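Here's model-v9.cif, which has mmCIF, C-alpha atoms and all ligand atoms:
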```
data_model
loop_
_atom_site.label_atom_id
_atom_site.label_comp_id
_atom_site.auth_asym_id
_atom_site.auth_seq_id
_atom_site.Cartn_x
_atom_site.Cartn_y
_atom_site.Cartn_z
CA MET A 1 -18.49 56.04 -33.65
CA LEU A 2 -21.89 54.50 -32.95
CA SER A 3 -21.88 50.76 -32.59
CA ASP A 4 -24.02 48.79 -35.02
CA ARG A 5 -24.82 46.25 -32.31
CA ILE A 6 -27.36 48.53 -30.64
CA PRO A 7 -30.37 50.21 -32.26
CA HIS A 8 -30.09 53.84 -33.27
CA HIS A 9 -33.19 55.86 -32.78
CA PRO A 10 -33.58 59.56 -32.35
CA VAL A 11 -33.80 60.32 -28.68
CA GLU A 12 -34.33 63.50 -26.72
CA THR A 13 -31.21 64.41 -24.75
CA THR A 14 -30.60 66.92 -21.97
CA ARG A 15 -27.98 69.67 -21.93
CA GLN A 16 -26.16 67.95 -19.12
CA THR A 17 -22.97 66.02 -19.70
CA PHE A 18 -22.13 62.48 -18.66
CA GLU A 19 -19.18 63.98 -16.72
CA GLN A 20 -21.67 65.78 -14.46
CA LEU A 21 -23.30 62.51 -13.44
CA GLY A 22 -20.36 61.27 -11.38
CA LEU A 23 -18.94 58.62 -13.71
CA SER A 24 -15.31 57.53 -13.82
CA ALA A 25 -12.90 58.11 -16.70
CA ALA A 26 -13.10 54.45 -17.78
CA ILE A 27 -16.86 54.53 -18.23
CA LEU A 28 -16.87 58.02 -19.76
CA SER A 29 -14.43 56.80 -22.35
CA ALA A 30 -16.68 53.84 -23.21
CA ILE A 31 -19.67 56.19 -23.53
CA ARG A 32 -17.69 58.45 -25.86
CA GLU A 33 -16.75 55.45 -27.97
CA VAL A 34 -20.40 54.46 -28.34
CA GLY A 35 -21.05 58.01 -29.50
CA PHE A 36 -23.53 59.24 -26.87
CA GLU A 37 -22.86 62.94 -26.31
CA HIS A 38 -25.44 63.97 -23.71
CA PRO A 39 -27.58 61.91 -21.34
CA THR A 40 -31.28 61.53 -22.04
CA PRO A 41 -33.68 62.77 -19.30
CA ILE A 42 -34.10 59.27 -17.87
CA GLN A 43 -30.31 58.73 -17.83
CA ALA A 44 -29.72 62.08 -16.13
CA SER A 45 -32.32 61.21 -13.47
CA VAL A 46 -31.41 57.56 -12.91
CA ILE A 47 -27.61 57.44 -13.07
CA PRO A 48 -26.70 59.59 -10.00
CA PRO A 49 -29.03 57.83 -7.48
CA ALA A 50 -28.15 54.48 -9.07
CA LEU A 51 -24.48 55.16 -8.42
CA GLU A 52 -25.36 55.87 -4.78
CA GLY A 53 -26.92 52.42 -4.61
CA ARG A 54 -30.54 53.45 -4.13
CA ASP A 55 -33.48 51.25 -5.03
CA LEU A 56 -35.55 52.92 -7.67
CA ILE A 57 -38.61 52.57 -9.80
CA ALA A 58 -38.53 54.55 -13.02
CA LEU A 59 -41.33 55.28 -15.38
CA ALA A 60 -39.59 54.88 -18.71
CA GLN A 61 -40.70 53.93 -22.17
CA THR A 62 -38.73 51.91 -24.67
CA GLY A 63 -36.97 54.55 -26.71
CA SER A 64 -36.20 56.89 -23.79
CA GLY A 65 -32.65 55.60 -23.40
CA LYS A 66 -33.53 53.45 -20.40
CA THR A 67 -31.26 50.52 -21.25
CA ALA A 68 -28.18 52.69 -20.93
CA ALA A 69 -29.75 54.29 -17.82
CA PHE A 70 -29.32 51.04 -15.92
CA VAL A 71 -26.38 49.49 -17.79
CA ILE A 72 -24.09 52.51 -17.28
CA PRO A 73 -24.32 52.55 -13.44
CA LEU A 74 -23.94 48.76 -13.34
CA ALA A 75 -20.87 49.02 -15.55
CA GLU A 76 -19.51 51.70 -13.22
CA LYS A 77 -20.06 49.73 -10.01
CA LEU A 78 -18.92 46.29 -11.12
CA THR A 79 -15.47 45.02 -11.95
CA HIS A 80 -14.61 41.68 -13.41
CA GLY A 81 -13.79 38.61 -11.40
CA LYS A 82 -15.90 38.83 -8.27
CA GLY A 83 -18.48 36.25 -9.32
CA LEU A 84 -22.04 36.82 -10.42
CA ARG A 85 -23.07 40.19 -9.03
CA ALA A 86 -25.90 41.47 -11.22
CA LEU A 87 -29.06 40.10 -12.79
CA ILE A 88 -31.11 41.87 -15.43
CA VAL A 89 -34.49 40.30 -16.15
CA SER A 90 -36.03 41.16 -19.54
CA PRO A 91 -39.41 40.15 -20.96
CA THR A 92 -38.22 38.96 -24.39
CA ARG A 93 -35.20 37.29 -25.90
CA GLU A 94 -34.56 40.20 -28.27
CA ILE A 95 -34.57 42.78 -25.49
CA ALA A 96 -32.26 40.54 -23.46
CA LEU A 97 -29.80 40.21 -26.36
CA GLN A 98 -29.87 43.93 -26.99
CA THR A 99 -29.23 44.64 -23.33
CA GLN A 100 -26.25 42.31 -23.44
CA ALA A 101 -24.87 44.31 -26.37
CA PHE A 102 -25.11 47.47 -24.21
CA ILE A 103 -23.25 45.71 -21.38
CA GLU A 104 -20.45 44.69 -23.70
CA LEU A 105 -20.07 48.24 -24.97
CA PHE A 106 -20.28 50.13 -21.68
CA GLY A 107 -18.62 47.48 -19.53
CA LYS A 108 -15.65 46.88 -21.74
CA ASN A 109 -13.20 49.05 -19.80
CA HIS A 110 -14.05 47.17 -16.61
CA GLU A 111 -13.67 43.94 -18.56
CA LEU A 112 -17.16 42.89 -17.58
CA ASN A 113 -18.24 39.50 -18.72
CA SER A 114 -21.90 38.76 -19.33
CA ALA A 115 -24.07 35.78 -20.18
CA CYS A 116 -27.47 35.83 -21.79
CA LEU A 117 -29.89 33.14 -20.64
CA ILE A 118 -32.95 33.08 -22.88
CA GLY A 119 -35.56 30.49 -23.65
CA GLY A 120 -36.08 28.71 -26.96
CA VAL A 121 -32.40 27.93 -27.47
CA ARG A 122 -30.19 25.04 -26.40
CA MET A 123 -28.91 24.88 -22.85
CA LYS A 124 -25.40 23.74 -23.71
CA PRO A 125 -24.00 27.06 -24.98
CA GLN A 126 -25.47 28.68 -21.89
CA PHE A 127 -23.68 26.19 -19.62
CA GLU A 128 -20.47 27.06 -21.50
CA ALA A 129 -21.09 30.80 -21.06
CA LEU A 130 -21.67 30.24 -17.34
CA LYS A 131 -18.27 28.55 -17.02
CA GLU A 132 -16.66 31.84 -18.12
CA SER A 133 -17.66 33.35 -14.73
CA PRO A 134 -19.97 36.13 -15.88
CA ASP A 135 -20.27 39.24 -13.73
CA ILE A 136 -23.72 40.06 -15.12
CA ILE A 137 -26.50 37.85 -16.40
CA VAL A 138 -29.29 39.08 -18.65
CA ALA A 139 -32.15 36.64 -18.82
CA THR A 140 -35.78 36.00 -19.58
CA PRO A 141 -37.67 34.81 -16.49
CA GLY A 142 -38.45 31.19 -17.43
CA ARG A 143 -34.94 30.22 -18.46
CA LEU A 144 -33.41 32.07 -15.53
CA LEU A 145 -35.57 30.16 -13.07
CA ASP A 146 -34.69 26.94 -14.85
CA HIS A 147 -30.97 27.61 -14.31
CA ILE A 148 -31.51 28.63 -10.70
CA GLU A 149 -33.47 25.43 -10.02
CA ARG A 150 -30.86 23.26 -11.72
CA ARG A 151 -28.23 25.10 -9.67
CA THR A 152 -26.27 25.92 -12.79
CA ILE A 153 -26.01 29.46 -11.49
CA ASP A 154 -25.36 30.65 -7.99
CA VAL A 155 -27.29 33.81 -7.24
CA GLY A 156 -26.12 33.96 -3.62
CA ALA A 157 -23.85 36.96 -4.20
CA VAL A 158 -26.12 38.96 -6.50
CA ASP A 159 -26.34 42.48 -5.16
CA GLU A 160 -27.86 44.20 -8.18
CA LEU A 161 -31.24 43.31 -9.70
CA VAL A 162 -32.88 45.08 -12.64
CA LEU A 163 -36.43 44.31 -13.75
CA ASP A 164 -36.84 45.77 -17.21
CA GLU A 165 -40.22 46.48 -18.83
CA ALA A 166 -41.94 45.39 -15.61
CA ASP A 167 -45.43 46.11 -16.93
CA HIS A 168 -44.92 43.96 -20.02
CA MET A 169 -43.55 41.28 -17.79
CA LEU A 170 -46.85 41.22 -15.89
CA ASP A 171 -48.81 41.30 -19.18
CA LEU A 172 -46.95 38.25 -20.32
CA GLY A 173 -47.85 36.48 -17.12
CA PHE A 174 -44.37 36.21 -15.65
CA LEU A 175 -45.25 37.34 -12.13
CA PRO A 176 -45.09 33.92 -10.39
CA GLN A 177 -41.65 33.29 -11.93
CA ILE A 178 -40.43 36.75 -10.98
CA ARG A 179 -41.50 36.20 -7.40
CA LYS A 180 -39.70 32.87 -7.24
CA ILE A 181 -36.52 34.39 -8.67
CA VAL A 182 -36.58 37.33 -6.28
CA GLN A 183 -37.07 35.01 -3.30
CA ARG A 184 -33.76 33.30 -4.10
CA LEU A 185 -31.77 36.54 -4.13
CA PRO A 186 -30.02 38.05 -1.13
CA ARG A 187 -32.27 40.47 0.75
CA THR A 188 -29.45 42.98 0.87
CA ARG A 189 -29.46 43.41 -2.90
CA ARG A 190 -30.35 46.67 -4.59
CA THR A 191 -33.26 46.63 -7.08
CA MET A 192 -34.02 48.93 -10.00
CA MET A 193 -37.36 48.56 -11.76
CA PHE A 194 -38.32 50.09 -15.09
CA SER A 195 -41.86 50.26 -16.39
CA ALA A 196 -43.63 52.22 -19.11
CA THR A 197 -46.80 52.48 -17.07
CA MET A 198 -47.54 52.48 -13.37
CA PRO A 199 -50.79 50.58 -12.83
CA PRO A 200 -51.64 49.44 -9.28
CA SER A 201 -50.22 45.96 -10.05
CA ILE A 202 -46.77 47.47 -10.65
CA GLU A 203 -46.96 49.64 -7.55
CA GLN A 204 -47.85 46.57 -5.54
CA LEU A 205 -44.99 44.62 -7.04
CA ALA A 206 -42.68 47.52 -6.30
CA GLN A 207 -43.71 47.58 -2.67
CA THR A 208 -42.91 43.91 -2.17
CA MET A 209 -39.56 44.03 -3.96
CA LEU A 210 -38.04 47.44 -3.33
CA ARG A 211 -36.68 49.13 -0.21
CA ASP A 212 -37.48 52.80 0.17
CA PRO A 213 -37.40 53.29 -3.59
CA LEU A 214 -36.87 56.57 -5.33
CA ARG A 215 -39.69 57.07 -7.81
CA ILE A 216 -38.50 58.60 -11.06
CA ASP A 217 -41.11 59.87 -13.44
CA ILE A 218 -39.87 62.13 -16.17
CA MET A 219 -43.08 62.07 -18.18
CA PRO A 220 -44.59 65.53 -18.50
CA LYS A 221 -47.66 65.84 -16.30
CA GLY A 222 -51.09 66.44 -17.81
CA ARG A 223 -49.95 65.72 -21.33
CA THR A 224 -52.68 66.77 -23.70
CA ALA A 225 -50.76 67.24 -26.91
CA VAL A 226 -50.77 64.33 -29.29
CA GLY A 227 -47.21 63.06 -29.50
CA ILE A 228 -46.38 61.07 -32.60
CA SER A 229 -42.76 60.19 -33.33
CA HIS A 230 -42.06 59.46 -36.98
CA ARG A 231 -39.24 57.10 -37.94
CA LEU A 232 -37.90 56.02 -41.31
CA TYR A 233 -36.05 52.79 -42.09
CA VAL A 234 -34.58 52.81 -45.59
CA VAL A 235 -33.62 49.28 -46.60
CA ALA A 236 -33.13 47.15 -49.71
CA PRO A 237 -36.43 45.62 -50.95
CA GLU A 238 -35.34 42.13 -49.89
CA ASN A 239 -34.73 43.39 -46.33
CA LYS A 240 -38.18 44.83 -45.71
CA ARG A 241 -39.41 41.68 -44.04
CA ALA A 242 -36.37 41.36 -41.76
CA CYS A 243 -36.80 45.02 -40.82
CA LEU A 244 -40.45 44.47 -39.90
CA LEU A 245 -39.61 41.43 -37.78
CA ALA A 246 -36.88 43.34 -35.96
CA LEU A 247 -39.24 46.25 -35.28
CA LEU A 248 -41.93 43.93 -33.93
CA HIS A 249 -39.44 42.48 -31.47
CA GLN A 250 -38.24 45.87 -30.41
CA GLU A 251 -41.51 47.66 -29.68
CA LEU A 252 -43.79 45.47 -27.64
CA GLY A 253 -47.01 47.48 -27.58
CA SER A 254 -50.17 47.10 -29.61
CA THR A 255 -49.11 47.42 -33.26
CA LEU A 256 -50.92 48.07 -36.51
CA VAL A 257 -49.03 47.05 -39.66
CA PHE A 258 -50.12 48.52 -42.99
CA THR A 259 -49.59 46.94 -46.38
CA ARG A 260 -50.68 48.39 -49.69
CA ARG A 261 -52.23 45.24 -51.18
CA LYS A 262 -54.59 42.61 -49.80
CA VAL A 263 -52.32 39.77 -50.93
CA ASP A 264 -49.45 41.26 -49.00
CA ALA A 265 -51.57 41.65 -45.88
CA GLU A 266 -52.45 37.97 -46.20
CA TRP A 267 -48.81 37.00 -46.88
CA LEU A 268 -47.46 38.98 -43.94
CA PHE A 269 -50.13 37.62 -41.64
CA HIS A 270 -49.02 34.05 -42.40
CA ILE A 271 -45.34 34.90 -41.96
CA LEU A 272 -45.93 36.55 -38.60
CA GLU A 273 -48.19 33.76 -37.43
CA ARG A 274 -45.56 31.18 -38.35
CA GLN A 275 -43.02 33.14 -36.31
CA GLY A 276 -45.29 32.81 -33.30
CA HIS A 277 -46.59 36.38 -33.17
CA PRO A 278 -50.13 36.90 -31.86
CA VAL A 279 -51.49 38.46 -35.07
CA SER A 280 -54.77 38.98 -36.91
CA ARG A 281 -55.53 40.63 -40.26
CA ILE A 282 -58.16 42.77 -41.81
CA HIS A 283 -58.74 43.51 -45.51
CA SER A 284 -61.65 43.67 -47.88
CA ASP A 285 -61.42 40.05 -49.04
CA ARG A 286 -62.25 38.82 -45.57
CA SER A 287 -65.82 38.15 -44.47
CA GLN A 288 -67.45 40.66 -42.18
CA GLY A 289 -67.39 38.07 -39.42
CA GLY A 290 -63.66 37.51 -39.90
CA ARG A 291 -62.96 41.23 -39.84
CA THR A 292 -65.02 41.82 -36.72
CA GLN A 293 -63.29 38.95 -34.97
CA ALA A 294 -59.86 40.26 -36.00
CA LEU A 295 -60.67 43.71 -34.64
CA ASP A 296 -62.04 42.25 -31.39
CA GLN A 297 -58.92 40.16 -30.87
CA PHE A 298 -56.79 43.23 -31.44
CA ARG A 299 -58.92 45.47 -29.23
CA GLU A 300 -58.98 42.97 -26.36
CA GLY A 301 -55.23 42.50 -26.62
CA SER A 302 -55.25 38.75 -27.29
CA HIS A 303 -53.59 39.60 -30.61
CA ARG A 304 -51.19 42.50 -30.23
CA ILE A 305 -50.53 42.84 -33.97
CA LEU A 306 -53.08 43.65 -36.65
CA VAL A 307 -52.11 43.65 -40.33
CA ALA A 308 -54.37 45.89 -42.42
CA THR A 309 -54.76 47.52 -45.81
CA ASP A 310 -55.60 51.21 -46.09
CA ILE A 311 -59.29 50.84 -46.80
CA ALA A 312 -59.89 48.35 -44.01
CA GLY A 313 -57.59 50.28 -41.69
CA ARG A 314 -59.39 53.59 -41.96
CA GLY A 315 -62.21 52.68 -39.67
CA ILE A 316 -60.02 51.19 -36.98
CA ASP A 317 -60.58 53.08 -33.78
CA VAL A 318 -58.84 51.08 -31.15
CA PRO A 319 -57.51 52.95 -28.13
CA GLY A 320 -53.99 52.24 -26.99
CA ILE A 321 -52.31 51.52 -30.33
CA THR A 322 -48.72 52.48 -29.59
CA HIS A 323 -47.07 51.64 -32.87
CA VAL A 324 -48.06 51.97 -36.52
CA ILE A 325 -45.72 50.33 -39.00
CA ASN A 326 -45.95 51.16 -42.68
CA PHE A 327 -44.63 47.96 -44.22
CA ASP A 328 -45.37 49.60 -47.58
CA ILE A 329 -45.21 53.32 -47.90
CA PRO A 330 -48.72 54.74 -48.42
CA GLU A 331 -49.75 55.88 -51.87
CA SER A 332 -50.74 59.33 -50.76
CA VAL A 333 -49.97 61.80 -48.00
CA GLU A 334 -53.59 61.53 -46.87
CA ASP A 335 -53.16 57.82 -46.34
CA TYR A 336 -50.01 58.48 -44.29
CA ILE A 337 -51.91 60.92 -42.08
CA HIS A 338 -54.79 58.47 -41.68
CA ARG A 339 -52.49 55.61 -40.83
CA ALA A 340 -50.52 57.72 -38.36
CA GLY A 341 -53.77 58.90 -36.78
CA ARG A 342 -54.51 55.36 -35.60
CA THR A 343 -51.91 55.78 -32.87
CA ALA A 344 -51.39 58.47 -30.23
CA ARG A 345 -55.11 58.81 -29.66
CA VAL A 346 -56.27 61.12 -26.87
CA ASP A 347 -53.30 61.73 -24.59
CA LEU A 348 -51.09 58.82 -25.49
CA GLU A 349 -47.85 58.81 -27.41
CA GLY A 350 -47.24 56.76 -30.49
CA ILE A 351 -44.59 55.80 -32.98
CA VAL A 352 -45.08 55.64 -36.72
CA SER A 353 -42.34 53.60 -38.37
CA THR A 354 -42.11 53.60 -42.15
CA ILE A 355 -40.11 50.95 -43.96
CA ALA A 356 -39.04 52.34 -47.32
CA THR A 357 -36.85 51.40 -50.27
CA TRP A 358 -34.99 53.86 -52.48
CA GLN A 359 -38.00 53.90 -54.82
CA ASP A 360 -40.14 55.36 -52.03
CA LEU A 361 -37.90 58.33 -51.27
CA MET A 362 -39.90 60.74 -53.45
CA MET A 363 -43.01 59.91 -51.46
CA VAL A 364 -41.03 60.28 -48.24
CA ARG A 365 -40.11 63.83 -49.24
CA THR A 366 -43.74 64.64 -50.04
CA ILE A 367 -44.82 63.34 -46.64
CA GLU A 368 -42.06 65.31 -44.93
CA LEU A 369 -43.22 68.50 -46.59
CA GLU A 370 -46.76 67.85 -45.48
CA ILE A 371 -45.97 67.05 -41.85
CA GLY A 372 -43.41 69.85 -41.74
CA GLN A 373 -40.48 67.83 -40.49
CA GLN A 374 -37.71 65.61 -41.71
CA ILE A 375 -38.44 62.06 -40.60
CA PRO A 376 -35.39 60.76 -38.71
CA ARG A 377 -33.51 57.94 -40.48
CA CYS A 378 -33.25 55.00 -38.11
CA THR A 379 -31.71 51.54 -38.08
CA VAL A 380 -32.42 48.25 -36.35
CA PRO A 381 -29.74 45.72 -35.44
CA GLY A 382 -29.27 42.97 -37.97
CA VAL A 383 -30.70 44.89 -40.94
CA GLU A 384 -28.33 46.75 -43.23
CA PRO A 385 -29.56 50.28 -43.89
CA TRP A 386 -29.69 51.18 -47.57
CA VAL A 387 -27.20 53.95 -48.23
CA GLU A 388 -28.27 56.82 -50.43
CA GLY A 389 -25.90 57.72 -53.28
CA PRO A 390 -23.15 60.35 -52.77
CA LYS A 391 -25.13 63.24 -54.22
CA LYS A 392 -28.21 62.50 -52.20
CA GLU A 393 -26.15 61.81 -49.11
CA THR A 394 -24.94 65.42 -49.02
CA THR A 395 -28.54 66.56 -49.11
CA LYS A 396 -29.46 64.07 -46.41
CA ARG A 397 -26.67 65.21 -44.09
CA ARG A 398 -27.52 68.84 -44.48
CA ARG A 399 -31.18 68.28 -43.81
CA LEU A 400 -30.64 66.00 -40.87
P1 LIG B 501 -33.77 52.43 -25.25
O1 LIG B 501 -34.82 53.30 -24.60
O2 LIG B 501 -32.81 51.90 -24.28
O3 LIG B 501 -34.41 51.39 -26.11
O4 LIG B 501 -32.90 53.36 -26.23
C1 LIG B 501 -33.46 54.04 -27.32
C2 LIG B 501 -32.45 54.49 -28.32
O5 LIG B 501 -31.74 55.62 -27.86
C3 LIG B 501 -31.40 53.48 -28.72
O6 LIG B 501 -31.30 53.54 -30.12
C4 LIG B 501 -30.12 53.98 -28.06
O7 LIG B 501 -28.99 53.61 -28.78
C5 LIG B 501 -30.33 55.47 -28.09
N1 LIG B 501 -29.71 56.23 -27.00
C6 LIG B 501 -29.80 55.96 -25.67
N2 LIG B 501 -29.16 56.89 -24.95
C7 LIG B 501 -28.64 57.79 -25.82
C8 LIG B 501 -27.87 59.00 -25.66
N3 LIG B 501 -27.52 59.45 -24.47
N4 LIG B 501 -27.50 59.64 -26.80
C9 LIG B 501 -27.87 59.18 -28.02
N5 LIG B 501 -28.62 58.06 -28.23
C10 LIG B 501 -29.00 57.37 -27.13
#
```

Could you show the structure in this file as structure tokens?
Amino acid sequence: MLSDRIPHHPVETTRQTFEQLGLSAAILSAIREVGFEHPTPIQASVIPPALEGRDLIALAQTGSGKTAAFVIPLAEKLTHGKGLRALIVSPTREIALQTQAFIELFGKNHELNSACLIGGVRMKPQFEALKESPDIIVATPGRLLDHIERRTIDVGAVDELVLDEADHMLDLGFLPQIRKIVQRLPRTRRTMMFSATMPPSIEQLAQTMLRDPLRIDIMPKGRTAVGISHRLYVVAPENKRACLLALLHQELGSTLVFTRRKVDAEWLFHILERQGHPVSRIHSDRSQGGRTQALDQFREGSHRILVATDIAGRGIDVPGITHVINFDIPESVEDYIHRAGRTARVDLEGIVSTIATWQDLMMVRTIELEIGQQIPRCTVPGVEPWVEGPKKETTKRRRL
């Protein structure tokens, strides 16, 4: 039974079994309960050396199964009651909370206790959580450093450190904080670092923080094929907005959001801006100057989200867009193809997420016929998926 506390996205798995990776019966049973049948490539590569205690740096994208790749070996190695032993540093609050959900699921048979220390929320509940003697802490850098400096946590016995999404962490300017945190940890600790890309800045960071690391890179070499993953989120109309917000927190790359109407592009832009997202918008009611500025902000990366309508979105040729979100399903298959074509340019990979209501399912089928594949049905935590009626459900199961 898959837990509804973690996201469910289609993921490529290997033919190996978790039993082959050297895990104990307690952890294997937790994995079975979560519903994972086979390890993903990153899990199969990371878990065995992680169990041996090696430092490692893994090239792994969000969506490759990397969270479980580091949570499972930590769950295996730690048992409750020996004080704070592991720290996981995440770039955003949402990723930290999701990681904590993984710890609770996989660590439950070792009775692992975790605390999540994230910014933007009150300190008091975090002090309370710290009194419960957590074995693992998941934290965003600023708040973690704050606790270390106030001495509300003792990191003197931490022997496991995970830096998740290391490249995003550098993008977001966390490096000075990361350095300060790492300096406070015992030198004898083991470190695992995960990053979607390996620019020189990450390599440099790795050299200063890792000891004889194993470098794990499961990305196919010389990728030339365009790799677009399609995902479908079927929700009730009133949940479309919540679904979009959850997706924006989950995938951190450069994101293009499509709406059908100009007023909705404008509306969404204001909602996202109010939520603190770096966002711009482009539609035909905006002045040329405004549109050019919006595109420049998006291209330069100062605004990672661009909300667009179809007409305005057609001309967008910005390299490095990793995620296209159809907030409204397009009116035609051609529009879907055009929208999808904004991502995965040249040799990159991209995700196209479509948020749909039951009224859009006819169009979904038309798109599926055109692209020659069934688009996997996905869910995000906190947003109820809309369940198709009994008759349709049979069809859905068969086709999935
Ligand atoms: P992540 O890369 O950690 O964000 O995980 C991506 C998605 O893959 C999440 O929805 C996980 O629940 C799912 N997932 C991770 N590992 C497995 C596995 N071995 N089998 C099935 N689903 C998995």

Contacts of segment 254-265 of chain A at 9 Å (all atoms listed in the file; same-chain gap of 4+ positions) as a PyMOL selection string: chain A and resi 244+248+269-270+281-285+298-299+301+303-310+313+320-331+339+342-343

Quick one: contact table of segment 259-359 of chain A to segment 367-375 of chain A, 9 Å max, nearest atom pair and distance in Å to one decimal per residue, counting all atoms listed in the file, chain and number order, as a Markdown table?
```
| residue | atom | partner | partner_atom | distance |
| --- | --- | --- | --- | --- |
| A:Ser332 | CA | A:Ile367 | CA | 8.3 |
| A:Val333 | CA | A:Ile367 | CA | 5.5 |
| A:Glu334 | CA | A:Ile367 | CA | 9.0 |
| A:Tyr336 | CA | A:Ile367 | CA | 7.5 |
| A:Ile337 | CA | A:Ile371 | CA | 8.5 |
```

Residues within 10 Å of ligand LIG 501 (chain B) (only C-alpha atoms and all ligand atoms), as a PDB file with C-alpha atoms, keeping the file's coordinate frame?
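What landed in result.pdb:
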```pdb
ATOM      1  CA  LEU A   2     -21.890  54.500 -32.950  1.00  0.00           C
ATOM      2  CA  SER A   3     -21.880  50.760 -32.590  1.00  0.00           C
ATOM      3  CA  ASP A   4     -24.020  48.790 -35.020  1.00  0.00           C
ATOM      4  CA  ARG A   5     -24.820  46.250 -32.310  1.00  0.00           C
ATOM      5  CA  ILE A   6     -27.360  48.530 -30.640  1.00  0.00           C
ATOM      6  CA  PRO A   7     -30.370  50.210 -32.260  1.00  0.00           C
ATOM      7  CA  HIS A   8     -30.090  53.840 -33.270  1.00  0.00           C
ATOM      8  CA  HIS A   9     -33.190  55.860 -32.780  1.00  0.00           C
ATOM      9  CA  PRO A  10     -33.580  59.560 -32.350  1.00  0.00           C
ATOM     10  CA  VAL A  11     -33.800  60.320 -28.680  1.00  0.00           C
ATOM     11  CA  GLU A  12     -34.330  63.500 -26.720  1.00  0.00           C
ATOM     12  CA  THR A  13     -31.210  64.410 -24.750  1.00  0.00           C
ATOM     13  CA  THR A  14     -30.600  66.920 -21.970  1.00  0.00           C
ATOM     14  CA  THR A  17     -22.970  66.020 -19.700  1.00  0.00           C
ATOM     15  CA  PHE A  18     -22.130  62.480 -18.660  1.00  0.00           C
ATOM     16  CA  ILE A  31     -19.670  56.190 -23.530  1.00  0.00           C
ATOM     17  CA  ARG A  32     -17.690  58.450 -25.860  1.00  0.00           C
ATOM     18  CA  VAL A  34     -20.400  54.460 -28.340  1.00  0.00           C
ATOM     19  CA  GLY A  35     -21.050  58.010 -29.500  1.00  0.00           C
ATOM     20  CA  PHE A  36     -23.530  59.240 -26.870  1.00  0.00           C
ATOM     21  CA  GLU A  37     -22.860  62.940 -26.310  1.00  0.00           C
ATOM     22  CA  HIS A  38     -25.440  63.970 -23.710  1.00  0.00           C
ATOM     23  CA  PRO A  39     -27.580  61.910 -21.340  1.00  0.00           C
ATOM     24  CA  THR A  40     -31.280  61.530 -22.040  1.00  0.00           C
ATOM     25  CA  PRO A  41     -33.680  62.770 -19.300  1.00  0.00           C
ATOM     26  CA  ILE A  42     -34.100  59.270 -17.870  1.00  0.00           C
ATOM     27  CA  GLN A  43     -30.310  58.730 -17.830  1.00  0.00           C
ATOM     28  CA  ALA A  44     -29.720  62.080 -16.130  1.00  0.00           C
ATOM     29  CA  ALA A  60     -39.590  54.880 -18.710  1.00  0.00           C
ATOM     30  CA  GLN A  61     -40.700  53.930 -22.170  1.00  0.00           C
ATOM     31  CA  THR A  62     -38.730  51.910 -24.670  1.00  0.00           C
ATOM     32  CA  GLY A  63     -36.970  54.550 -26.710  1.00  0.00           C
ATOM     33  CA  SER A  64     -36.200  56.890 -23.790  1.00  0.00           C
ATOM     34  CA  GLY A  65     -32.650  55.600 -23.400  1.00  0.00           C
ATOM     35  CA  LYS A  66     -33.530  53.450 -20.400  1.00  0.00           C
ATOM     36  CA  THR A  67     -31.260  50.520 -21.250  1.00  0.00           C
ATOM     37  CA  ALA A  68     -28.180  52.690 -20.930  1.00  0.00           C
ATOM     38  CA  ALA A  69     -29.750  54.290 -17.820  1.00  0.00           C
ATOM     39  CA  PHE A  70     -29.320  51.040 -15.920  1.00  0.00           C
ATOM     40  CA  VAL A  71     -26.380  49.490 -17.790  1.00  0.00           C
ATOM     41  CA  ILE A  95     -34.570  42.780 -25.490  1.00  0.00           C
ATOM     42  CA  GLN A  98     -29.870  43.930 -26.990  1.00  0.00           C
ATOM     43  CA  THR A  99     -29.230  44.640 -23.330  1.00  0.00           C
ATOM     44  CA  PHE A 102     -25.110  47.470 -24.210  1.00  0.00           C
ATOM     45  CA  GLN A 250     -38.240  45.870 -30.410  1.00  0.00           C
ATOM     46  CA  GLU A 251     -41.510  47.660 -29.680  1.00  0.00           C
ATOM     47  CA  CYS A 378     -33.250  55.000 -38.110  1.00  0.00           C
ATOM     48  CA  THR A 379     -31.710  51.540 -38.080  1.00  0.00           C
ATOM     49  CA  VAL A 380     -32.420  48.250 -36.350  1.00  0.00           C
ATOM     50  CA  PRO A 381     -29.740  45.720 -35.440  1.00  0.00           C
TER      51      PRO A 381
END
```

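Computed from the coordinates, the atom CA of Leu210 of chain A to atom CA of Pro186 of chain A distance equals 12.5 Å.
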
Neighbour list for Arg143 of chain A as number ranges by chain, cut-off 9 Å, all atoms listed in the file, skip fewer than 4 positions in-chain: A: 117-120, 139, 147-148

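Taking atom CA of Ile218 of chain A and atom CA of Phe194 of chain A as endpoints, the distance between them is 12.2 Å.
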
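Distance-wise, atom CA of Gly156 of chain A and atom CA of His110 of chain A end up 22.1 Å apart.
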
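The smallest atom-to-atom distance between Pro134 of chain A and any of A:Glu33, A:Glu104, A:Asp296, A:Glu149, using only C-alpha atoms, is found for A:Glu104.
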
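Proximity ranking of A:Arg377, A:His80, A:Arg231, A:Arg241 relative to Asn113 of chain A places A:His80 first, based on all atoms listed in the file.
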
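Among the candidate residues A:Asp360, A:Glu203, A:Glu300, A:Glu238, the one lying nearest to Leu59 of chain A is A:Glu203, with distances computed using all atoms listed in the file.
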
Distance query Ala166 of chain A at most 8 Å, all atoms listed in the file, self and fewer than 5 positions along chain excluded, as an MDAnalysis selection string: chainID A and resid 91 193:196 202

Segment 383-385 of chain A environment, 7 Å, all atoms listed in the file, sequence neighbours closer than 6 positions dropped, as number ranges by chain: A: 234-235, 239, 242-243
